[in-house]
Every structure is written in structure tokens, then in C-alpha cells.
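Enquirer: Hey, dropping start.tsv in here, TSV, C-alpha atoms:
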```
chain	number	residue	atom	x	y	z
A	20	MET	CA	116.79	75.46	201.38
A	21	GLY	CA	115.90	72.80	198.79
A	22	LYS	CA	119.09	73.48	196.82
A	23	ILE	CA	121.23	73.06	199.95
A	24	LEU	CA	119.49	69.79	200.84
A	25	PHE	CA	119.86	68.53	197.26
A	26	GLY	CA	123.58	69.47	197.31
A	27	ALA	CA	124.11	67.63	200.58
A	28	ILE	CA	122.35	64.50	199.28
A	29	LEU	CA	124.37	64.66	196.05
A	30	SER	CA	127.64	64.95	198.02
A	31	VAL	CA	126.80	61.95	200.21
A	32	ALA	CA	125.74	59.91	197.18
A	33	THR	CA	129.00	60.75	195.41
A	34	PHE	CA	131.06	59.47	198.35
A	35	MET	CA	128.95	56.33	198.57
A	36	LEU	CA	129.45	55.54	194.88
A	37	VAL	CA	133.23	55.75	195.06
A	38	GLU	CA	134.61	52.26	195.44
A	39	SER	CA	137.66	51.63	197.55
A	40	LEU	CA	140.58	49.81	195.99
A	41	THR	CA	141.73	46.64	197.77
A	42	CYS	CA	145.39	45.70	197.41
A	43	ASN	CA	147.58	42.87	198.60
A	44	GLN	CA	149.92	44.07	201.32
A	45	CYS	CA	153.35	42.80	202.26
A	46	SER	CA	155.25	44.99	204.72
A	47	PHE	CA	158.49	43.06	204.23
A	48	GLY	CA	159.52	40.35	201.79
A	49	LEU	CA	162.93	38.72	201.82
A	50	PHE	CA	164.33	35.91	199.65
A	51	GLY	CA	161.03	35.71	197.75
A	52	LEU	CA	159.00	35.12	200.91
A	53	CYS	CA	156.46	37.61	202.21
A	54	VAL	CA	156.79	37.70	205.98
A	55	ASN	CA	153.29	39.04	206.69
A	56	SER	CA	150.86	39.10	203.78
A	57	ALA	CA	147.41	40.68	204.17
A	58	THR	CA	144.95	42.80	202.23
A	59	GLU	CA	144.68	46.55	202.53
A	60	THR	CA	141.85	48.93	201.60
A	61	CYS	CA	143.29	52.13	200.16
A	62	SER	CA	142.22	55.18	202.15
A	63	THR	CA	143.16	57.97	199.74
A	64	SER	CA	141.88	58.74	196.28
A	65	PRO	CA	143.37	58.34	193.76
A	66	SER	CA	145.24	55.22	194.87
A	67	VAL	CA	146.90	52.31	193.13
A	68	CYS	CA	148.24	48.95	194.24
A	69	PHE	CA	152.02	48.68	194.08
A	70	THR	CA	154.89	46.24	194.30
A	71	GLY	CA	158.29	47.68	195.15
A	72	LYS	CA	161.40	45.58	194.64
A	73	ALA	CA	164.96	46.39	195.69
A	74	THR	CA	167.56	44.19	194.02
A	75	PHE	CA	171.34	44.13	193.94
A	76	PRO	CA	172.54	43.35	190.38
A	77	SER	CA	176.19	43.27	191.44
A	78	VAL	CA	175.46	40.65	194.13
A	79	GLN	CA	173.39	38.05	192.30
A	80	THR	CA	173.20	35.66	195.26
A	81	VAL	CA	171.01	38.15	197.15
A	82	PRO	CA	167.49	38.16	195.65
A	83	GLY	CA	166.51	41.48	197.25
A	84	PHE	CA	163.59	42.88	199.23
A	85	THR	CA	159.92	43.42	198.41
A	86	VAL	CA	157.11	45.62	199.77
A	87	GLN	CA	153.49	45.84	198.57
A	88	GLY	CA	150.35	47.79	199.34
A	89	CYS	CA	148.50	51.01	198.45
A	90	ARG	CA	150.04	54.30	197.34
A	91	GLU	CA	149.38	57.41	195.30
A	92	PRO	CA	150.04	56.95	191.57
A	93	LEU	CA	152.88	59.50	191.42
A	94	GLY	CA	156.22	57.79	190.73
A	95	CYS	CA	154.75	54.48	189.53
A	96	ASN	CA	156.26	52.16	186.94
A	97	MET	CA	159.77	53.52	187.38
A	98	THR	CA	163.20	52.05	188.05
A	99	THR	CA	165.85	53.87	190.07
A	100	ASN	CA	169.51	52.88	190.24
A	101	GLY	CA	172.00	53.80	192.93
A	102	THR	CA	175.05	52.77	194.91
A	103	LEU	CA	175.38	52.23	198.64
A	104	LEU	CA	178.78	51.36	200.16
A	105	SER	CA	180.06	50.48	196.66
A	106	VAL	CA	177.18	48.02	196.12
A	107	THR	CA	174.88	48.79	193.19
A	108	TYR	CA	171.14	48.53	193.84
A	109	GLN	CA	168.02	48.90	191.71
A	110	ILE	CA	164.57	49.86	192.97
A	111	THR	CA	161.58	49.06	190.75
A	112	LEU	CA	158.10	50.33	191.54
A	113	GLU	CA	155.25	48.70	189.57
A	114	CYS	CA	151.63	49.84	189.99
A	115	CYS	CA	148.18	48.67	188.89
A	116	SER	CA	144.66	49.90	189.51
A	117	GLU	CA	142.40	46.87	189.96
A	118	ASP	CA	141.51	45.02	193.16
A	119	ARG	CA	144.34	42.75	194.34
A	120	CYS	CA	146.24	43.15	191.07
A	121	ASN	CA	149.60	43.00	192.90
A	122	PRO	CA	149.95	39.29	193.70
A	123	VAL	CA	151.96	38.36	196.79
A	124	GLN	CA	154.79	35.96	196.07
A	125	LEU	CA	154.81	33.49	198.94
A	126	SER	CA	157.89	31.53	197.91
A	127	GLY	CA	160.65	32.40	195.47
A	128	ALA	CA	162.88	29.44	196.19
A	129	THR	CA	163.89	27.41	193.19
A	130	ALA	CA	164.49	23.66	193.26
A	131	ASN	CA	168.27	24.27	193.28
A	132	ARG	CA	168.06	26.47	196.35
A	133	MET	CA	165.88	23.96	198.13
A	134	THR	CA	168.31	21.16	197.31
A	135	LEU	CA	171.25	23.19	198.61
A	136	THR	CA	169.31	24.05	201.76
A	137	ALA	CA	168.44	20.40	202.30
A	138	ALA	CA	172.08	19.35	201.79
A	139	VAL	CA	173.42	21.98	204.20
A	140	SER	CA	170.78	21.07	206.78
A	141	ALA	CA	171.56	17.36	206.48
A	142	ALA	CA	175.30	18.03	206.85
A	143	ALA	CA	174.73	20.21	209.93
A	144	LEU	CA	172.44	17.60	211.48
A	145	ALA	CA	174.94	14.80	210.77
A	146	SER	CA	177.73	16.86	212.33
A	147	LEU	CA	175.61	17.59	215.39
A	148	TRP	CA	174.63	13.94	215.81
A	149	GLY	CA	178.28	12.90	215.33
A	150	ASN	CA	179.35	15.20	218.16
A	151	VAL	CA	176.53	14.07	220.44
A	152	LEU	CA	177.18	10.35	219.94
A	153	HIS	CA	180.96	10.56	220.59
```
Take the structure I supplied and represent it as C-alpha cells, if you would.

Expert:
Amino acid sequence: MGKILFGAILSVATFMLVESLTCNQCSFGLFGLCVNSATETCSTSPSVCFTGKATFPSVQTVPGFTVQGCREPLGCNMTTNGTLLSVTYQITLECCSEDRCNPVQLSGATANRMTLTAAVSAAALASLWGNVLH
């Protein structure tokens, strides 16, 4: 009876000593902006934090998509290439094993993109105001 009780206590202590990994989570990122960033506690063991990026090298004006969170370590740190409807894509999966080691990128816009956006917005606003005032 003592051995069974000791085994049960040892099992519970083992589960209590295992630390859960906390990762940054982004269910969907587009144009360098994470739509809904949060943190996630990994529920399986072993787990790693990951950042997955899908890019389109043949269409350089499209920055691609991003997802982040927890996953099993199988398939980490790999790049896969493919073609969909004659468009080449590249999927990169990077993993790490420390708490929140996959930083969420909140904004990927460069100064040039912001300037272009501001110029297009100003032109659209001027056109709208021109139509309203005439």
C-alpha cells in the first residue's frame, strides 16, 4: 500500500513540476499586422512556440500572411515551396522553446508604404470633397 501511495504522490509531483510554455498567438496576420494578438499556454508536451509565414516571391507587392502560437516540434524550422494557380508561394515555419520567444509583429508598414497610403487617401478625400462641393 505504501508503494502505491508513494507512486501516486510521485506522479502528481511530476505533473506539478512540468512548466507550461507560453507563446504569443496570432490567428491571422496580413500586411505585417496581426489582427488579433494574444498569449497562449501550450496544452501538449512537448510543445514549441512557432511563427508561420506564407509569402509569394513572384508577387513582391504582397507581403504574405502570418500565424503564430503553440505546436508540436515536428516539422519546425523548415521552408516549403509550391505553386497555386501559377503563383509561386513559400511557407516558412520557425520554432523556439522559451516563453513568448515568437514576437508578434504589430506593424510591418514601411515609411514608403505609409506615404503612399497617405497620398492615396488625400487624393480620394480631395476627389470626394470636389464632388460634394460642386

Enquirer: With all atoms listed in the file as the atoms that count, which of A:Gly51, A:Cys61, A:Ser56, A:Gln87 lies nearest to Ser39 of chain A?

Expert: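 The shortest atom-to-atom distance to Ser39 of chain A comes from A:Cys61.
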
Enquirer: Looking at all atoms listed in the file, which of A:Thr99, A:Thr85, A:Ser62, A:Gln109 is the one that sits closest to Gln124 of chain A?

Expert: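 Ranked by minimum distance to Gln124 of chain A, first place goes to A:Thr85.
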
Enquirer: Nearest to Pro82 of chain A: which of A:Leu52, A:Gly94, A:Gln44, A:Pro65 is it, counting all atoms listed in the file?

Expert: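 Of A:Leu52, A:Gly94, A:Gln44, A:Pro65, the one nearest Pro82 of chain A, counting all atoms listed in the file, is A:Leu52.
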
Enquirer: Quick check, in Å to one decimal: how far apart do atom CA of Thr41 of chain A and atom CA of Glu117 of chain A lie?

Expert: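 Atom-to-atom, atom CA of Thr41 of chain A to atom CA of Glu117 of chain A, that is 7.8 Å.
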
Enquirer: Between A:Thr63, A:Thr58, A:Asn96, A:Thr70, single out the one closest to Asn43 of chain A, counting only C-alpha atoms.

Expert: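 Residue with the minimum atom-to-atom distance to Asn43 of chain A: A:Thr58.
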
Enquirer: Give me the residues within 9 Å of Ser77 of chain A as a list in words, counting all atoms listed in the file and dropping any in the same chain fewer than 3 places off.

Expert: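 Returned residues: Val106, Thr107 and Tyr108 of chain A.
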
Enquirer: Please, could you write that set of residues out with C-alpha atoms as a PDB file, keeping the file's coordinate frame?

Expert:
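Result file is result_16.pdb:
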```pdb
ATOM      1  CA  VAL A 106     177.180  48.020 196.120  1.00  0.00           C
ATOM      2  CA  THR A 107     174.880  48.790 193.190  1.00  0.00           C
ATOM      3  CA  TYR A 108     171.140  48.530 193.840  1.00  0.00           C
TER       4      TYR A 108
END
```

Enquirer: Suppose you want the space between atom CA of Ser105 of chain A and atom CA of Val81 of chain A; what is it in Å?

Expert: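 Calculated distance between atom CA of Ser105 of chain A and atom CA of Val81 of chain A is 15.3 Å.
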
Enquirer: Nearest to Pro92 of chain A: which of A:Thr74, A:Ser64, A:Asn55, A:Thr111 is it, counting all atoms listed in the file?

Expert: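 Nearest to Pro92 of chain A: A:Ser64.
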
Enquirer: Figure out the distance between atom CA of Gly71 of chain A and atom CA of Phe47 of chain A, please, to one decimal in Å.

Expert: 10.2 Å

Enquirer: Compare A:Val54, A:Leu40, A:Ala73, A:Leu49 by their minimum atom-to-atom distance to Asn100 of chain A, counting all atoms listed in the file, and give me the closest one.

Expert: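 Closest to Asn100 of chain A, using all atoms listed in the file: A:Ala73.
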